[in-house]
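my_file-v6.pdb (PDB, C-alpha atoms)
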ATOM      1  CA  MET I   1     105.845 244.097 -83.019
ATOM      2  CA  THR I   2     102.856 245.766 -81.445
ATOM      3  CA  ALA I   3     101.442 242.844 -79.519
ATOM      4  CA  PRO I   4     102.650 242.618 -75.916
ATOM      5  CA  ALA I   5     105.336 240.055 -75.358
ATOM      6  CA  PRO I   6     103.737 236.824 -74.197
ATOM      7  CA  ARG I   7     104.947 235.606 -70.863
ATOM      8  CA  PRO I   8     106.588 232.221 -70.854
ATOM      9  CA  PRO I   9     104.680 229.586 -68.889
ATOM     10  CA  ARG I  10     105.624 229.495 -65.250
ATOM     11  CA  ASP I  11     105.602 226.775 -62.685
ATOM     12  CA  TYR I  12     103.243 227.575 -59.874
ATOM     13  CA  PRO I  13     105.674 228.240 -57.040
ATOM     14  CA  PHE I  14     103.729 226.676 -54.168
ATOM     15  CA  GLU I  15     101.932 223.354 -53.903
ATOM     16  CA  ALA I  16      99.856 224.211 -50.834
ATOM     17  CA  PRO I  17      98.801 227.394 -49.039
ATOM     18  CA  TRP I  18     100.975 226.608 -46.026
ATOM     19  CA  GLN I  19     104.033 226.630 -48.260
ATOM     20  CA  ALA I  20     103.201 230.134 -49.453
ATOM     21  CA  GLN I  21     102.547 231.285 -45.898
ATOM     22  CA  VAL I  22     105.783 229.988 -44.440
ATOM     23  CA  PHE I  23     107.682 231.437 -47.372
ATOM     24  CA  ALA I  24     106.026 234.829 -46.881
ATOM     25  CA  MET I  25     106.713 234.838 -43.136
ATOM     26  CA  THR I  26     110.385 234.234 -43.803
ATOM     27  CA  ILE I  27     110.525 237.091 -46.301
ATOM     28  CA  ALA I  28     108.665 239.391 -43.894
ATOM     29  CA  LEU I  29     111.132 238.575 -41.109
ATOM     30  CA  GLN I  30     114.024 239.247 -43.484
ATOM     31  CA  ASP I  31     112.447 242.523 -44.606
ATOM     32  CA  GLN I  32     112.388 243.620 -40.983
ATOM     33  CA  GLY I  33     115.981 242.633 -40.437
ATOM     34  CA  LEU I  34     115.048 239.963 -37.894
ATOM     35  CA  VAL I  35     116.538 237.216 -40.039
ATOM     36  CA  GLY I  36     119.630 237.644 -42.205
ATOM     37  CA  ALA I  37     120.017 236.182 -45.685
ATOM     38  CA  GLU I  38     123.189 234.281 -44.878
ATOM     39  CA  GLU I  39     121.967 232.778 -41.597
ATOM     40  CA  TRP I  40     118.754 231.816 -43.358
ATOM     41  CA  ALA I  41     120.642 230.014 -46.133
ATOM     42  CA  GLN I  42     122.689 228.166 -43.495
ATOM     43  CA  ALA I  43     119.607 227.146 -41.514
ATOM     44  CA  LEU I  44     117.745 225.962 -44.603
ATOM     45  CA  GLY I  45     120.828 224.201 -45.934
ATOM     46  CA  ALA I  46     121.299 222.352 -42.644
ATOM     47  CA  ARG I  47     117.737 221.037 -42.713
ATOM     48  CA  ILE I  48     118.013 220.040 -46.362
ATOM     49  CA  ALA I  49     121.322 218.283 -45.706
ATOM     50  CA  ALA I  50     119.733 216.369 -42.817
ATOM     51  CA  SER I  51     116.713 215.324 -44.852
ATOM     52  CA  ALA I  52     116.326 211.661 -45.685
ATOM     53  CA  VAL I  53     113.902 212.324 -48.546
ATOM     54  CA  PRO I  54     115.900 211.563 -51.707
ATOM     55  CA  ASP I  55     113.824 213.526 -54.222
ATOM     56  CA  GLY I  56     113.749 216.770 -52.273
ATOM     57  CA  SER I  57     109.953 216.801 -52.170
ATOM     58  CA  ASP I  58     110.100 217.831 -48.514
ATOM     59  CA  TYR I  59     111.648 221.174 -49.449
ATOM     60  CA  TYR I  60     109.044 223.321 -47.707
ATOM     61  CA  GLU I  61     108.947 220.962 -44.704
ATOM     62  CA  CYS I  62     112.677 221.665 -44.418
ATOM     63  CA  TRP I  63     111.927 225.351 -44.889
ATOM     64  CA  ALA I  64     109.399 225.398 -42.016
ATOM     65  CA  ALA I  65     111.740 223.427 -39.765
ATOM     66  CA  ALA I  66     114.608 225.800 -40.562
ATOM     67  CA  LEU I  67     112.457 228.781 -39.679
ATOM     68  CA  GLY I  68     111.568 227.142 -36.358
ATOM     69  CA  ASP I  69     115.264 226.486 -35.712
ATOM     70  CA  LEU I  70     116.228 230.070 -36.391
ATOM     71  CA  LEU I  71     113.407 231.590 -34.359
ATOM     72  CA  ALA I  72     114.245 229.327 -31.427
ATOM     73  CA  ALA I  73     117.957 230.156 -31.681
ATOM     74  CA  LYS I  74     117.123 233.850 -31.674
ATOM     75  CA  GLU I  75     114.741 233.350 -28.740
ATOM     76  CA  LEU I  76     111.947 234.918 -30.745
ATOM     77  CA  LEU I  77     109.810 231.788 -30.510
ATOM     78  CA  SER I  78     110.351 228.773 -28.286
ATOM     79  CA  ARG I  79     109.772 225.237 -29.505
ATOM     80  CA  GLU I  80     107.373 224.733 -26.591
ATOM     81  CA  ASP I  81     105.195 227.648 -27.702
ATOM     82  CA  LEU I  82     105.226 226.374 -31.245
ATOM     83  CA  LEU I  83     104.242 222.843 -30.195
ATOM     84  CA  ARG I  84     101.496 224.122 -27.921
ATOM     85  CA  THR I  85     100.011 226.404 -30.551
ATOM     86  CA  THR I  86     100.230 223.701 -33.201
ATOM     87  CA  ALA I  87      98.235 221.456 -30.863
ATOM     88  CA  ALA I  88      95.750 224.289 -30.340
ATOM     89  CA  TRP I  89      95.211 224.504 -34.096
ATOM     90  CA  HIS I  90      94.622 220.742 -34.295
ATOM     91  CA  ALA I  91      92.132 221.044 -31.424
ATOM     92  CA  ALA I  92      90.390 223.964 -33.112
ATOM     93  CA  ALA I  93      90.076 221.934 -36.291
ATOM     94  CA  ALA I  94      88.638 218.985 -34.432
ATOM     95  CA  ARG I  95      85.797 221.047 -33.010
ATOM     96  CA  THR I  96      85.056 222.871 -36.279
ATOM     97  CA  PRO I  97      82.350 221.311 -38.431
ATOM     98  CA  HIS I  98      83.648 220.133 -41.758
ATOM     99  CA  GLY I  99      83.609 222.872 -44.360
ATOM    100  CA  GLN I 100      83.625 225.799 -41.961
ATOM    101  CA  PRO I 101      86.630 228.029 -41.446
ATOM    102  CA  ILE I 102      88.879 226.909 -38.615
ATOM    103  CA  VAL I 103      89.634 229.632 -36.073
ATOM    104  CA  LEU I 104      91.551 229.657 -32.839
ATOM    105  CA  ASP I 105      89.688 230.852 -29.753
ATOM    106  CA  ALA I 106      90.626 234.267 -28.434
ATOM    107  CA  GLY I 107      94.081 233.997 -26.966
ATOM    108  CA  GLY I 108      94.268 230.697 -28.762
ATOM    109  CA  SER I 109      97.993 230.298 -28.664
ATOM    110  CA  ARG I 110      97.891 230.363 -24.876
ATOM    111  CA  ALA I 111      94.841 228.134 -24.662
ATOM    112  CA  GLY I 112      97.275 225.472 -25.756
ATOM    113  CA  GLY I 113      96.424 221.892 -26.496
ATOM    114  CA  VAL I 114      93.761 221.707 -23.808
ATOM    115  CA  THR I 115      90.817 219.962 -25.355
TER
ATOM    116  CA  MET D   1      75.699 207.363 -44.287
ATOM    117  CA  ALA D   2      76.411 207.920 -40.595
ATOM    118  CA  ASP D   3      79.715 206.100 -40.857
ATOM    119  CA  ASP D   4      80.908 208.230 -43.776
ATOM    120  CA  PRO D   5      83.170 210.872 -42.201
ATOM    121  CA  ASP D   6      82.554 213.282 -45.076
ATOM    122  CA  HIS D   7      78.905 213.404 -44.162
ATOM    123  CA  ASP D   8      79.289 213.424 -40.417
ATOM    124  CA  HIS D   9      79.306 217.137 -39.751
ATOM    125  CA  SER D  10      79.686 216.668 -36.035
ATOM    126  CA  GLY D  11      83.008 214.948 -36.626
ATOM    127  CA  GLY D  12      84.961 218.149 -37.062
ATOM    128  CA  SER D  13      87.775 219.027 -39.420
ATOM    129  CA  GLU D  14      91.375 218.051 -39.720
ATOM    130  CA  LEU D  15      94.541 219.967 -40.489
ATOM    131  CA  SER D  16      97.668 218.379 -41.838
ATOM    132  CA  GLU D  17     100.624 218.584 -39.485
ATOM    133  CA  MET D  18     102.345 221.147 -41.708
ATOM    134  CA  ASP D  19      99.222 223.233 -42.068
ATOM    135  CA  ALA D  20      98.744 223.317 -38.289
ATOM    136  CA  ARG D  21     102.401 224.090 -37.621
ATOM    137  CA  VAL D  22     102.540 226.942 -40.118
ATOM    138  CA  ARG D  23      99.276 228.366 -38.767
ATOM    139  CA  ALA D  24     100.845 228.220 -35.305
ATOM    140  CA  LEU D  25     103.936 230.046 -36.547
ATOM    141  CA  GLU D  26     101.763 232.750 -38.049
ATOM    142  CA  THR D  27      99.583 233.021 -34.918
ATOM    143  CA  LEU D  28     102.583 233.458 -32.649
ATOM    144  CA  LEU D  29     104.577 235.766 -34.913
ATOM    145  CA  THR D  30     101.498 237.928 -35.449
ATOM    146  CA  GLU D  31     100.696 238.072 -31.718
ATOM    147  CA  ARG D  32     104.230 239.185 -31.017
ATOM    148  CA  GLY D  33     104.087 241.850 -33.693
ATOM    149  CA  LEU D  34     106.854 240.212 -35.727
ATOM    150  CA  VAL D  35     104.806 239.778 -38.890
ATOM    151  CA  ASP D  36     101.757 241.510 -40.282
ATOM    152  CA  PRO D  37      99.220 239.166 -41.939
ATOM    153  CA  ALA D  38      98.377 241.795 -44.567
ATOM    154  CA  ALA D  39     102.054 242.031 -45.490
ATOM    155  CA  LEU D  40     102.155 238.242 -45.853
ATOM    156  CA  ASP D  41      99.280 238.359 -48.332
ATOM    157  CA  GLY D  42     101.153 240.987 -50.331
ATOM    158  CA  ILE D  43     104.305 238.895 -50.407
ATOM    159  CA  VAL D  44     102.458 235.796 -51.604
ATOM    160  CA  GLU D  45     100.641 237.797 -54.268
ATOM    161  CA  THR D  46     103.929 239.248 -55.508
ATOM    162  CA  TYR D  47     105.719 235.930 -55.755
ATOM    163  CA  GLU D  48     102.759 234.096 -57.262
ATOM    164  CA  HIS D  49     101.818 236.654 -59.876
ATOM    165  CA  GLU D  50     104.359 239.395 -60.466
ATOM    166  CA  ILE D  51     107.825 237.952 -60.225
ATOM    167  CA  GLY D  52     108.907 235.356 -62.718
ATOM    168  CA  PRO D  53     111.335 234.522 -65.505
ATOM    169  CA  HIS D  54     109.559 236.887 -67.904
ATOM    170  CA  ARG D  55     111.556 239.597 -66.131
ATOM    171  CA  GLY D  56     114.890 237.914 -66.757
ATOM    172  CA  ALA D  57     113.844 237.376 -70.372
ATOM    173  CA  GLN D  58     113.377 241.123 -70.775
ATOM    174  CA  VAL D  59     116.796 241.743 -69.259
ATOM    175  CA  VAL D  60     118.440 239.265 -71.631
ATOM    176  CA  ALA D  61     116.622 240.570 -74.702
ATOM    177  CA  ARG D  62     117.711 244.088 -73.859
ATOM    178  CA  ALA D  63     121.301 242.895 -73.468
ATOM    179  CA  TRP D  64     121.070 241.317 -76.918
ATOM    180  CA  THR D  65     119.893 244.541 -78.535
ATOM    181  CA  ASP D  66     121.646 247.260 -76.510
ATOM    182  CA  PRO D  67     125.447 246.907 -76.280
ATOM    183  CA  ASP D  68     125.727 249.621 -73.621
ATOM    184  CA  PHE D  69     123.193 247.850 -71.445
ATOM    185  CA  ARG D  70     124.946 244.540 -71.989
ATOM    186  CA  GLU D  71     128.233 246.055 -70.839
ATOM    187  CA  TRP D  72     126.517 247.545 -67.785
ATOM    188  CA  LEU D  73     124.779 244.264 -66.988
ATOM    189  CA  VAL D  74     128.010 242.293 -67.014
ATOM    190  CA  ARG D  75     129.827 244.970 -65.015
ATOM    191  CA  ASP D  76     127.154 245.593 -62.364
ATOM    192  CA  ALA D  77     124.145 243.350 -62.801
ATOM    193  CA  THR D  78     122.410 244.408 -59.595
ATOM    194  CA  THR D  79     122.261 248.051 -60.633
ATOM    195  CA  ALA D  80     121.537 247.379 -64.305
ATOM    196  CA  VAL D  81     118.630 245.082 -63.451
ATOM    197  CA  ALA D  82     117.331 247.457 -60.784
ATOM    198  CA  SER D  83     117.209 250.179 -63.443
ATOM    199  CA  MET D  84     114.478 248.107 -65.105
ATOM    200  CA  GLY D  85     112.557 248.017 -61.841
ATOM    201  CA  TYR D  86     113.657 244.519 -60.899
ATOM    202  CA  GLY D  87     115.319 244.997 -57.549
ATOM    203  CA  GLY D  88     114.673 243.706 -54.102
ATOM    204  CA  ARG D  89     115.193 240.651 -52.039
ATOM    205  CA  ALA D  90     117.668 238.066 -53.272
ATOM    206  CA  GLY D  91     118.808 240.346 -56.065
ATOM    207  CA  GLU D  92     121.267 242.446 -54.125
ATOM    208  CA  HIS D  93     124.332 240.523 -55.212
ATOM    209  CA  LEU D  94     123.517 239.554 -58.758
ATOM    210  CA  ILE D  95     126.208 238.510 -61.213
ATOM    211  CA  ALA D  96     125.441 238.319 -64.933
ATOM    212  CA  LEU D  97     127.641 236.364 -67.299
ATOM    213  CA  ALA D  98     127.258 235.852 -71.023
ATOM    214  CA  ASN D  99     127.339 232.378 -72.475
ATOM    215  CA  THR D 100     129.516 232.113 -75.556
ATOM    216  CA  PRO D 101     130.669 229.408 -77.982
ATOM    217  CA  GLU D 102     133.773 229.083 -75.789
ATOM    218  CA  VAL D 103     132.210 229.071 -72.314
ATOM    219  CA  HIS D 104     128.814 227.882 -71.134
ATOM    220  CA  ASN D 105     127.853 228.850 -67.591
ATOM    221  CA  MET D 106     125.461 226.912 -65.370
ATOM    222  CA  VAL D 107     124.353 227.593 -61.821
ATOM    223  CA  VAL D 108     123.485 225.405 -58.861
ATOM    224  CA  CYS D 109     123.064 226.026 -55.158
ATOM    225  CA  THR D 110     124.788 223.117 -53.470
ATOM    226  CA  LEU D 111     123.726 224.283 -50.000
ATOM    227  CA  CYS D 112     120.030 224.894 -50.487
ATOM    228  CA  SER D 113     118.261 226.809 -53.244
ATOM    229  CA  CYS D 114     119.771 230.294 -53.625
ATOM    230  CA  TYR D 115     118.378 231.806 -56.812
ATOM    231  CA  PRO D 116     117.944 235.323 -58.271
ATOM    232  CA  TRP D 117     114.302 235.857 -57.344
ATOM    233  CA  PRO D 118     113.799 239.370 -58.772
ATOM    234  CA  VAL D 119     114.637 238.225 -62.291
ATOM    235  CA  LEU D 120     113.653 234.552 -62.310
ATOM    236  CA  GLY D 121     111.036 234.192 -59.584
ATOM    237  CA  LEU D 122     111.187 231.218 -57.260
ATOM    238  CA  PRO D 123     113.253 228.260 -58.421
ATOM    239  CA  PRO D 124     111.693 225.322 -60.234
ATOM    240  CA  VAL D 125     111.273 222.092 -58.295
ATOM    241  CA  TRP D 126     114.167 220.340 -60.027
ATOM    242  CA  TYR D 127     116.593 223.106 -59.037
ATOM    243  CA  LYS D 128     115.974 222.228 -55.384
ATOM    244  CA  THR D 129     116.403 218.474 -55.734
ATOM    245  CA  PRO D 130     119.416 216.639 -54.302
ATOM    246  CA  ALA D 131     119.847 214.999 -57.721
ATOM    247  CA  TYR D 132     120.408 218.302 -59.532
ATOM    248  CA  ARG D 133     122.460 219.823 -56.732
ATOM    249  CA  ALA D 134     124.861 216.879 -56.830
ATOM    250  CA  LYS D 135     124.970 216.160 -60.548
ATOM    251  CA  ALA D 136     125.456 219.751 -61.687
ATOM    252  CA  VAL D 137     128.788 219.762 -59.907
ATOM    253  CA  ARG D 138     129.871 216.228 -60.792
ATOM    254  CA  ASP D 139     128.600 215.912 -64.347
ATOM    255  CA  PRO D 140     127.354 219.150 -65.899
ATOM    256  CA  ARG D 141     127.371 217.698 -69.408
ATOM    257  CA  GLY D 142     125.185 214.914 -68.127
ATOM    258  CA  VAL D 143     122.790 217.477 -66.680
ATOM    259  CA  LEU D 144     122.663 219.258 -70.026
ATOM    260  CA  ALA D 145     121.939 215.945 -71.717
ATOM    261  CA  ASP D 146     119.099 215.401 -69.244
ATOM    262  CA  PHE D 147     117.698 218.718 -70.464
ATOM    263  CA  GLY D 148     118.183 217.705 -74.089
ATOM    264  CA  VAL D 149     121.131 220.000 -74.677
ATOM    265  CA  THR D 150     124.388 218.917 -76.296
ATOM    266  CA  LEU D 151     127.266 221.362 -76.548
ATOM    267  CA  PRO D 152     130.406 220.934 -78.653
ATOM    268  CA  ASP D 153     133.358 219.360 -76.835
ATOM    269  CA  SER D 154     135.233 222.609 -77.436
ATOM    270  CA  THR D 155     132.804 224.537 -75.228
ATOM    271  CA  ARG D 156     134.032 224.752 -71.670
ATOM    272  CA  ILE D 157     131.314 224.379 -69.037
ATOM    273  CA  ARG D 158     131.643 226.391 -65.860
ATOM    274  CA  VAL D 159     129.396 225.620 -62.912
ATOM    275  CA  TRP D 160     128.813 228.357 -60.382
ATOM    276  CA  ASP D 161     127.691 227.665 -56.832
ATOM    277  CA  SER D 162     125.096 230.234 -55.876
ATOM    278  CA  THR D 163     124.977 231.508 -52.326
ATOM    279  CA  SER D 164     122.927 234.046 -50.419
ATOM    280  CA  GLU D 165     125.704 236.510 -51.249
ATOM    281  CA  GLN D 166     126.097 235.702 -54.947
ATOM    282  CA  ARG D 167     123.333 234.838 -57.342
ATOM    283  CA  TYR D 168     123.651 234.371 -61.075
ATOM    284  CA  LEU D 169     121.841 235.277 -64.265
ATOM    285  CA  PHE D 170     123.242 234.058 -67.545
ATOM    286  CA  VAL D 171     122.748 235.729 -70.891
ATOM    287  CA  PRO D 172     122.301 232.867 -73.346
ATOM    288  CA  MET D 173     123.581 233.206 -76.893
ATOM    289  CA  ARG D 174     121.196 235.037 -79.175
ATOM    290  CA  PRO D 175     119.632 232.590 -81.606
ATOM    291  CA  ASP D 176     120.515 232.791 -85.289
ATOM    292  CA  ASP D 177     118.050 234.220 -87.792
ATOM    293  CA  THR D 178     116.737 236.882 -85.437
ATOM    294  CA  GLU D 179     118.271 239.906 -87.182
ATOM    295  CA  GLY D 180     116.009 242.903 -86.962
ATOM    296  CA  TRP D 181     113.949 241.529 -84.079
ATOM    297  CA  ASP D 182     113.207 244.023 -81.317
ATOM    298  CA  ALA D 183     113.779 243.253 -77.654
ATOM    299  CA  GLU D 184     110.142 242.537 -76.985
ATOM    300  CA  ARG D 185     109.996 239.840 -79.616
ATOM    301  CA  LEU D 186     113.395 238.435 -78.683
ATOM    302  CA  ALA D 187     112.266 238.054 -75.067
ATOM    303  CA  THR D 188     109.842 235.357 -76.198
ATOM    304  CA  LEU D 189     112.843 233.181 -77.069
ATOM    305  CA  VAL D 190     114.500 233.477 -73.658
ATOM    306  CA  THR D 191     113.562 230.466 -71.587
ATOM    307  CA  ARG D 192     113.976 230.228 -67.850
ATOM    308  CA  ASP D 193     116.359 227.303 -68.207
ATOM    309  CA  SER D 194     118.535 229.260 -70.651
ATOM    310  CA  MET D 195     119.144 231.810 -67.892
ATOM    311  CA  ILE D 196     120.006 229.064 -65.363
ATOM    312  CA  GLY D 197     122.343 227.482 -67.897
ATOM    313  CA  THR D 198     120.499 224.190 -68.223
ATOM    314  CA  GLY D 199     119.092 225.215 -71.568
ATOM    315  CA  LEU D 200     119.592 227.413 -74.609
ATOM    316  CA  ALA D 201     117.431 230.194 -75.955
ATOM    317  CA  SER D 202     114.708 228.915 -78.253
ATOM    318  CA  ALA D 203     115.157 228.982 -82.016
ATOM    319  CA  PRO D 204     112.904 231.431 -83.888
ATOM    320  CA  SER D 205     110.827 228.511 -85.170
ATOM    321  CA  GLN D 206     109.884 227.825 -81.545
ATOM    322  CA  GLU D 207     108.754 231.411 -80.987
ATOM    323  CA  THR D 208     106.048 231.495 -78.360
ATOM    324  CA  VAL D 209     102.724 232.422 -79.845
ATOM    325  CA  SER D 210      99.971 233.548 -77.569
TER
END
Just dump the structure as structure tokens.
Amino acid sequence: MTAPAPRPPRDYPFEAPWQAQVFAMTIALQDQGLVGAEEWAQALGARIAASAVPDGSDYYECWAAALGDLLAAKELLSREDLLRTTAAWHAAAARTPHGQPIVLDAGGSRAGGVT
Amino acid sequence: MADDPDHDHSGGSELSEMDARVRALETLLTERGLVDPAALDGIVETYEHEIGPHRGAQVVARAWTDPDFREWLVRDATTAVASMGYGGRAGEHLIALANTPEVHNMVVCTLCSCYPWPVLGLPPVWYKTPAYRAKAVRDPRGVLADFGVTLPDSTRIRVWDSTSEQRYLFVPMRPDDTEGWDAERLATLVTRDSMIGTGLASAPSQETVS
């Protein structure tokens, strides 16, 4: 055989960019030793066990929630900061014309949900 | 068209709740120096394009053709697989087992979705579903039937529960009528599901042609 081995078809691993981003952040935190593999599996498992979605389609929602849980427990990121910065992103979107990239203002995370 | 939001450019944009929350996570973790956005791009690129079950297929095909490698793989899968360049996260505690006419192995993660990323990539959607996680334990033959696989009654089915400390790669049985095939060609017969234990290697007639 001289032809290169064809690769079997693969499922695309992420359904939306945010899923890829939250996955990558978790890996980056593990690479730096800030999050351990076992505690991560426990945190993710707890969120999945608590999920009421029967088909598991909220897998990456559980993933994001588990990351928030772990960061809060480690006091790396408070829930209040996360809520405030999430609101800031919603506010930034609201004032961004459709089709243009959405950016936070300088110091956006601290600008909070003030609109 | 003033009442059509798509054409009302003064109306602003909208982010889904998850999109906004994950952007917020990234903003805060970046500000605090806990993650580097460039590193995130590299991680996504790797998992979207480089890592996948084609790697596991190469490992299995080599085990089929190289008895010394097969012995090494079963004895110390982490090291054997790393020797092919497939190391890294979620592959540190890899266990490889060969499926035989007597014993068929299958893996599930009952807790979440532990899976041997370096050799199989990220798990398929069904692997993460509550339905699979429950049924694999309760009724593995039923799961195999769902995947169109029927094994003889004499074959014992063993289900392994993967954890963050133990992940599994199974070497399916080499298909008949593949004498003389090299590892590269054999790898085309090794399906992802055959390495999870929910499938068998493809028959030569189903050889992937590209």
For the PyMOL selection byres ((chain I) within 6 of (chain D)), applied here, can you spell out every residue it catches as an mmCIF file with C-alpha atoms, keeping the file's coordinate frame?
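Once written, out.cif looks like this:
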data_model
loop_
_atom_site.group_PDB
_atom_site.id
_atom_site.type_symbol
_atom_site.label_atom_id
_atom_site.label_comp_id
_atom_site.auth_asym_id
_atom_site.auth_seq_id
_atom_site.Cartn_x
_atom_site.Cartn_y
_atom_site.Cartn_z
ATOM 1 C CA ALA I 5 105.336 240.055 -75.358
ATOM 2 C CA ARG I 7 104.947 235.606 -70.863
ATOM 3 C CA TRP I 18 100.975 226.608 -46.026
ATOM 4 C CA ALA I 24 106.026 234.829 -46.881
ATOM 5 C CA ALA I 37 120.017 236.182 -45.685
ATOM 6 C CA GLU I 38 123.189 234.281 -44.878
ATOM 7 C CA GLY I 45 120.828 224.201 -45.934
ATOM 8 C CA ASP I 55 113.824 213.526 -54.222
ATOM 9 C CA GLY I 56 113.749 216.770 -52.273
ATOM 10 C CA THR I 85 100.011 226.404 -30.551
ATOM 11 C CA THR I 86 100.230 223.701 -33.201
ATOM 12 C CA TRP I 89 95.211 224.504 -34.096
ATOM 13 C CA ALA I 93 90.076 221.934 -36.291
ATOM 14 C CA ALA I 94 88.638 218.985 -34.432
ATOM 15 C CA ARG I 95 85.797 221.047 -33.010
ATOM 16 C CA THR I 96 85.056 222.871 -36.279
ATOM 17 C CA PRO I 97 82.350 221.311 -38.431
ATOM 18 C CA HIS I 98 83.648 220.133 -41.758
#
Within 9 Å of D:Val108 using all atoms listed in the file, minus same-chain residues under 6 positions, as a VMD selection string: chain D and resid 114 to 115 127 to 128 132 to 134 136 to 137 159 to 162 196
Env of I:Glu39: 12 Å cut, atoms = all atoms listed in the file, seq-sep filter 5 positions within chain, self excluded. Answer as a PDB file with C-alpha atoms, in the frame of the given file.
ATOM      1  CA  THR I  26     110.385 234.234 -43.803  1.00  0.00           C
ATOM      2  CA  GLN I  30     114.024 239.247 -43.484  1.00  0.00           C
ATOM      3  CA  GLY I  33     115.981 242.633 -40.437  1.00  0.00           C
ATOM      4  CA  LEU I  34     115.048 239.963 -37.894  1.00  0.00           C
ATOM      5  CA  LEU I  44     117.745 225.962 -44.603  1.00  0.00           C
ATOM      6  CA  GLY I  45     120.828 224.201 -45.934  1.00  0.00           C
ATOM      7  CA  ALA I  46     121.299 222.352 -42.644  1.00  0.00           C
ATOM      8  CA  ALA I  66     114.608 225.800 -40.562  1.00  0.00           C
ATOM      9  CA  LEU I  67     112.457 228.781 -39.679  1.00  0.00           C
ATOM     10  CA  ASP I  69     115.264 226.486 -35.712  1.00  0.00           C
ATOM     11  CA  LEU I  70     116.228 230.070 -36.391  1.00  0.00           C
ATOM     12  CA  LEU I  71     113.407 231.590 -34.359  1.00  0.00           C
ATOM     13  CA  ALA I  73     117.957 230.156 -31.681  1.00  0.00           C
ATOM     14  CA  LYS I  74     117.123 233.850 -31.674  1.00  0.00           C
TER      15      LYS I  74
ATOM     16  CA  THR D 163     124.977 231.508 -52.326  1.00  0.00           C
ATOM     17  CA  SER D 164     122.927 234.046 -50.419  1.00  0.00           C
ATOM     18  CA  GLU D 165     125.704 236.510 -51.249  1.00  0.00           C
TER      19      GLU D 165
END
Interatomic distance (Å, one decimal) between atom CA of D:Asp76 and atom CA of D:Ile95: 7.2 Å
Residues in the PyMOL selection byres ((chain D and resi 96) around 8), expressed as a PyMOL selection string: chain D and resi 73-77+94-95+97-98+168-171
Separation of atom CA of D:Pro172 from atom CA of D:Gly197, in Å and rounded to one decimal: 7.7 Å
